[in-house]
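Presented below is the structure to which this report refers.
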Amino acid sequence: MDRELNAAIEAALQAGEFLRQNFGKANALRYKSAIEIVTELDGQTEQIIAKRLQSEFPHYGFLGEEGHRQDSQAGFWVVDPIDGTTNYVRRIPVFAVSIALVVEGEPVIGVIYQPMVDELFAARKGGGATRNGQPIQVSHVDSLGRALVGSGFPYDAWTSERDNLAQWGRAVKSTFAVYCTGVAALGLCDVAAGRIDGYWELHLYPWDIDAGACIVREAGGVVTQVNGERFDPLGHTVLADNGRIHEAMLGLVGDGVRT
Ligand code: IPD
Ligand code: CA
Ligand code: CA
């Protein structure tokens, strides 16, 4: 898997360089829904990543947010070319490229690159997690009252009952603080690096969470669905934390949640 990890890193760096060069130039191309935008650069960046990975590994499938799809039994790449498109369009320099490789129902490679601060998170199953080449570990915080946690809101929050507001309300009342950067992939990296202690979201997609799930696990953390079930790389929810607060987090965000 070292060859796959290196290729994913190279693809993420190449995509990140393209996004850095175009920072400040992106305009909303269309609205996917009332509050979800997509730019030309999302598709172009996915194209860069797909070209790099599919030419070297034609036997793997591909699941890209912007439409690249290829089936395979051998495993498949899961790619979010820009996680944090709203930030990118609004010239907030907080966004990321996210690439995972899923094999036999598990993310075995995770690479997340934050171009504007040149920060690269990478992990291979069984090989540990790194930030710019240095090993990282989750935090040691063991009580909710001391825990800094993160989350976000789903794009269908205007209309869905599954809007995450009740979970946020409970978290605000019992954790040290709750943050929201608008970039789920980076929230998971922050858990892996021990900068925050937990992260959850209720309605995401594989490209938002698979790479981060691998990175958190390899940094010593615990990753499940928000209802406590085994993490599903084709699922829509994530609860990732340092392990020490997992039960408490489940009590906070897992109650009565439909997944
Ligand atoms: C979004 C970000 C955000 C999360 C949204 C995602 P996008 O991804 O990860 O943090 O709250 O639900 O869809 O659209 O910027 O790739
Ligand atoms: Ca995303
Ligand atoms: Ca995206």
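Letters A, B, ... go to the chains of the structure tokens in the order shown; residues in each chain start at 1; ligands are counted from 1 in the same order.
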
Can you pull out the residues contacting Gly75 (chain A)? Cut-off 12 Å, using only C-alpha atoms, and skip same-chain residues under 2 positions away; I want them as a ChimeraX atom specification. /A:1,4,57-63,70-73,77-78,100-109,233

Could you please extract the residues within 8 Å of ligand 2, counting only C-alpha atoms and all ligand atoms, and hand them back as a ChimeraX atom specification? /A:65,80,82-85,183-185,204-205,207-208

Could you tell me which of A:Val89, A:Ala177, A:Val172, A:Ala15 comes closest to Ile37 (chain A) if we count only C-alpha atoms?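 Of A:Val89, A:Ala177, A:Val172, A:Ala15, the one nearest Ile37 (chain A) is A:Val89, counting only C-alpha atoms.
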
What residues in region 41-252 of chain A get the DSSP label strand (DSSP E or B)? Please answer as a tab-separated table (two decimals) with C-alpha atoms, in the first residue's frame.
```tsv
chain	number	residue	atom	x	y	z
A	61	GLY	CA	-12.60	2.02	-8.88
A	62	PHE	CA	-13.35	5.68	-8.26
A	63	LEU	CA	-16.00	7.58	-6.33
A	64	GLY	CA	-15.58	11.33	-6.78
A	69	ARG	CA	-17.32	6.97	-11.10
A	70	GLN	CA	-15.81	3.59	-11.82
A	76	PHE	CA	-11.95	2.28	-4.91
A	77	TRP	CA	-10.63	5.79	-4.45
A	78	VAL	CA	-12.96	8.22	-2.70
A	79	VAL	CA	-12.23	11.83	-3.58
A	80	ASP	CA	-13.43	15.25	-2.50
A	81	PRO	CA	-11.49	17.72	-4.68
A	82	ILE	CA	-12.48	20.71	-2.53
A	83	ASP	CA	-13.86	20.08	0.93
A	96	ALA	CA	-8.86	20.78	1.75
A	97	VAL	CA	-8.33	18.07	-0.82
A	98	SER	CA	-9.41	14.68	0.52
A	99	ILE	CA	-8.44	11.28	-0.93
A	100	ALA	CA	-9.15	7.84	0.53
A	101	LEU	CA	-8.70	4.32	-0.73
A	102	VAL	CA	-11.38	1.89	0.45
A	103	VAL	CA	-10.62	-1.84	0.31
A	106	GLU	CA	-12.57	-0.11	5.10
A	107	PRO	CA	-10.62	3.07	4.36
A	108	VAL	CA	-7.01	1.84	4.23
A	109	ILE	CA	-5.41	5.05	2.94
A	110	GLY	CA	-6.30	8.60	3.94
A	111	VAL	CA	-4.69	11.77	2.62
A	112	ILE	CA	-5.95	15.28	3.35
A	113	TYR	CA	-4.10	18.38	2.17
A	114	GLN	CA	-4.78	21.94	3.28
A	119	GLU	CA	-0.36	20.99	5.75
A	120	LEU	CA	-0.50	17.36	4.69
A	121	PHE	CA	-2.18	14.67	6.77
A	122	ALA	CA	-1.62	11.08	5.70
A	123	ALA	CA	-2.28	7.59	7.01
A	124	ARG	CA	-2.07	3.99	5.90
A	129	ALA	CA	-0.83	8.87	10.89
A	130	THR	CA	1.35	11.86	10.10
A	131	ARG	CA	1.17	15.61	9.68
A	134	GLN	CA	5.67	13.72	11.65
A	135	PRO	CA	3.60	11.20	13.67
A	148	LEU	CA	-13.26	21.05	22.35
A	149	VAL	CA	-15.42	19.43	19.70
A	150	GLY	CA	-16.43	20.25	16.15
A	177	ALA	CA	-16.66	24.60	23.23
A	178	VAL	CA	-17.97	23.65	19.80
A	179	TYR	CA	-16.29	24.90	16.63
A	198	GLY	CA	-14.15	15.02	18.95
A	199	TYR	CA	-16.07	15.67	15.73
A	200	TRP	CA	-19.47	14.58	14.50
A	201	GLU	CA	-21.79	15.25	11.60
A	222	VAL	CA	-12.15	5.93	17.57
A	223	VAL	CA	-14.48	6.37	14.59
A	224	THR	CA	-18.07	5.12	14.37
A	230	ARG	CA	-19.33	0.47	12.89
A	238	VAL	CA	-19.43	10.15	11.54
A	239	LEU	CA	-18.48	10.37	15.19
A	240	ALA	CA	-14.71	10.55	15.63
A	241	ASP	CA	-12.87	11.29	18.83
```

If we count only C-alpha atoms and set the cut-off at 8 Å, which residues sit around region 161-171 of chain A, ignoring sequence neighbours fewer than 4 positions away in its own chain? Please answer as a list in words.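 So the residues in contact are Ser151, Gly152, Phe153, Pro154, Asp156, Ala157, Thr175, Ala177, Val178, Glu201, Leu202, His203, Leu252, Val253, Val257 and Arg258 of chain A.
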
Take the residues just selected and output them with all heavy atoms as a short mmCIF file (atom, residue, chain, number, x, y, z; two decimals), in the first residue's frame.
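What ended up in out_24.cif:
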```
data_model
loop_
_atom_site.label_atom_id
_atom_site.label_comp_id
_atom_site.auth_asym_id
_atom_site.auth_seq_id
_atom_site.Cartn_x
_atom_site.Cartn_y
_atom_site.Cartn_z
N SER A 151 -18.27 20.33 14.62
CA SER A 151 -19.36 19.77 13.83
C SER A 151 -19.70 20.73 12.70
O SER A 151 -19.01 21.74 12.49
CB SER A 151 -20.59 19.50 14.70
OG SER A 151 -21.56 18.78 13.96
N GLY A 152 -20.74 20.42 11.97
CA GLY A 152 -21.20 21.29 10.88
C GLY A 152 -22.68 21.05 10.68
O GLY A 152 -23.30 20.25 11.39
N PHE A 153 -23.23 21.73 9.70
CA PHE A 153 -24.66 21.58 9.42
C PHE A 153 -24.85 21.02 8.02
O PHE A 153 -24.11 21.37 7.10
CB PHE A 153 -25.36 22.93 9.55
CG PHE A 153 -25.39 23.43 10.96
CD1 PHE A 153 -24.47 24.38 11.39
CD2 PHE A 153 -26.28 22.92 11.88
CE1 PHE A 153 -24.46 24.83 12.70
CE2 PHE A 153 -26.29 23.35 13.20
CZ PHE A 153 -25.38 24.31 13.60
N PRO A 154 -25.85 20.18 7.84
CA PRO A 154 -26.07 19.59 6.51
C PRO A 154 -26.65 20.60 5.52
O PRO A 154 -27.27 21.59 5.91
CB PRO A 154 -27.08 18.47 6.80
CG PRO A 154 -27.79 18.89 8.03
CD PRO A 154 -26.81 19.69 8.84
N ASP A 156 -29.10 20.24 3.69
CA ASP A 156 -30.57 20.26 3.66
C ASP A 156 -31.15 20.76 4.99
O ASP A 156 -32.29 20.47 5.32
CB ASP A 156 -31.13 18.88 3.27
CG ASP A 156 -30.73 17.79 4.27
OD1 ASP A 156 -29.95 18.08 5.20
OD2 ASP A 156 -31.19 16.65 4.10
N ALA A 157 -30.34 21.54 5.72
CA ALA A 157 -30.77 22.00 7.06
C ALA A 157 -32.04 22.85 6.99
O ALA A 157 -32.82 22.89 7.95
CB ALA A 157 -29.64 22.77 7.73
N THR A 175 -19.99 20.69 26.60
CA THR A 175 -18.56 20.60 26.27
C THR A 175 -17.90 21.94 26.54
O THR A 175 -18.56 22.96 26.78
CB THR A 175 -18.35 20.25 24.78
OG1 THR A 175 -18.87 21.31 23.97
CG2 THR A 175 -19.04 18.95 24.42
N ALA A 177 -16.24 23.74 24.35
CA ALA A 177 -16.66 24.60 23.23
C ALA A 177 -16.91 23.75 22.00
O ALA A 177 -16.40 22.63 21.89
CB ALA A 177 -15.58 25.65 22.94
N VAL A 178 -17.70 24.32 21.07
CA VAL A 178 -17.97 23.65 19.80
C VAL A 178 -17.49 24.59 18.69
O VAL A 178 -17.78 25.78 18.71
CB VAL A 178 -19.47 23.39 19.60
CG1 VAL A 178 -19.70 22.45 18.41
CG2 VAL A 178 -20.10 22.80 20.84
N GLU A 201 -20.83 14.64 12.53
CA GLU A 201 -21.79 15.25 11.60
C GLU A 201 -22.80 14.19 11.20
O GLU A 201 -22.50 13.00 11.20
CB GLU A 201 -21.11 15.85 10.37
CG GLU A 201 -20.67 17.29 10.57
CD GLU A 201 -20.55 18.09 9.27
OE1 GLU A 201 -21.58 18.30 8.59
OE2 GLU A 201 -19.42 18.50 8.97
N LEU A 202 -23.99 14.66 10.85
CA LEU A 202 -25.11 13.74 10.64
C LEU A 202 -25.40 13.41 9.19
O LEU A 202 -26.05 12.41 8.90
CB LEU A 202 -26.40 14.34 11.21
CG LEU A 202 -26.44 14.74 12.67
CD1 LEU A 202 -27.86 15.05 13.08
CD2 LEU A 202 -25.85 13.65 13.52
N HIS A 203 -25.02 14.27 8.28
CA HIS A 203 -25.43 14.02 6.90
C HIS A 203 -24.31 14.41 5.95
O HIS A 203 -24.32 15.48 5.37
CB HIS A 203 -26.71 14.82 6.58
CG HIS A 203 -27.32 14.41 5.28
ND1 HIS A 203 -28.43 15.01 4.76
CD2 HIS A 203 -26.95 13.47 4.39
CE1 HIS A 203 -28.72 14.45 3.60
NE2 HIS A 203 -27.84 13.53 3.35
N LEU A 252 -24.34 12.31 23.74
CA LEU A 252 -24.65 13.70 23.37
C LEU A 252 -25.26 13.81 21.97
O LEU A 252 -26.24 14.51 21.77
CB LEU A 252 -23.31 14.45 23.37
CG LEU A 252 -23.28 15.93 23.64
CD1 LEU A 252 -23.90 16.23 24.98
CD2 LEU A 252 -21.81 16.40 23.60
N VAL A 253 -24.67 13.12 21.03
CA VAL A 253 -25.08 13.34 19.63
C VAL A 253 -25.78 12.13 19.02
O VAL A 253 -26.32 12.21 17.92
CB VAL A 253 -23.87 13.73 18.73
CG1 VAL A 253 -23.18 14.94 19.30
CG2 VAL A 253 -22.90 12.58 18.54
N VAL A 257 -30.98 9.62 16.78
CA VAL A 257 -30.60 10.11 15.45
C VAL A 257 -30.91 9.05 14.41
O VAL A 257 -30.52 7.90 14.56
CB VAL A 257 -29.09 10.42 15.41
CG1 VAL A 257 -28.66 10.78 14.01
CG2 VAL A 257 -28.78 11.54 16.38
N ARG A 258 -31.62 9.43 13.38
CA ARG A 258 -31.82 8.52 12.26
C ARG A 258 -30.63 8.64 11.33
O ARG A 258 -30.16 9.73 11.07
CB ARG A 258 -33.09 8.90 11.47
CG ARG A 258 -34.35 8.57 12.21
CD ARG A 258 -35.55 8.98 11.42
NE ARG A 258 -35.67 10.43 11.38
CZ ARG A 258 -35.66 11.15 10.27
NH1 ARG A 258 -35.52 10.57 9.10
NH2 ARG A 258 -35.80 12.44 10.31
#
```

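The shell of residues at most 10 Å from Ala248 (chain A), with only C-alpha atoms counted and near chain neighbours (fewer than 5 positions) removed, consists of Asp142, Ser143, Leu144, Gly243, Val253 and Gly254 of chain A.
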
Could you pull out the helix (DSSP H, G or I) residues of region 121-233 of chain A from DSSP and send them as a PyMOL selection string? chain A and resi 144-146+165-174+184-192+206-218

Mind checking which residues fall within 12 Å of Arg195 (chain A), counting only C-alpha atoms, ignoring those fewer than 4 positions away in the same chain, and posting them as a ChimeraX atom specification? /A:136-141,147-150,179,186-191,199,216,241-242
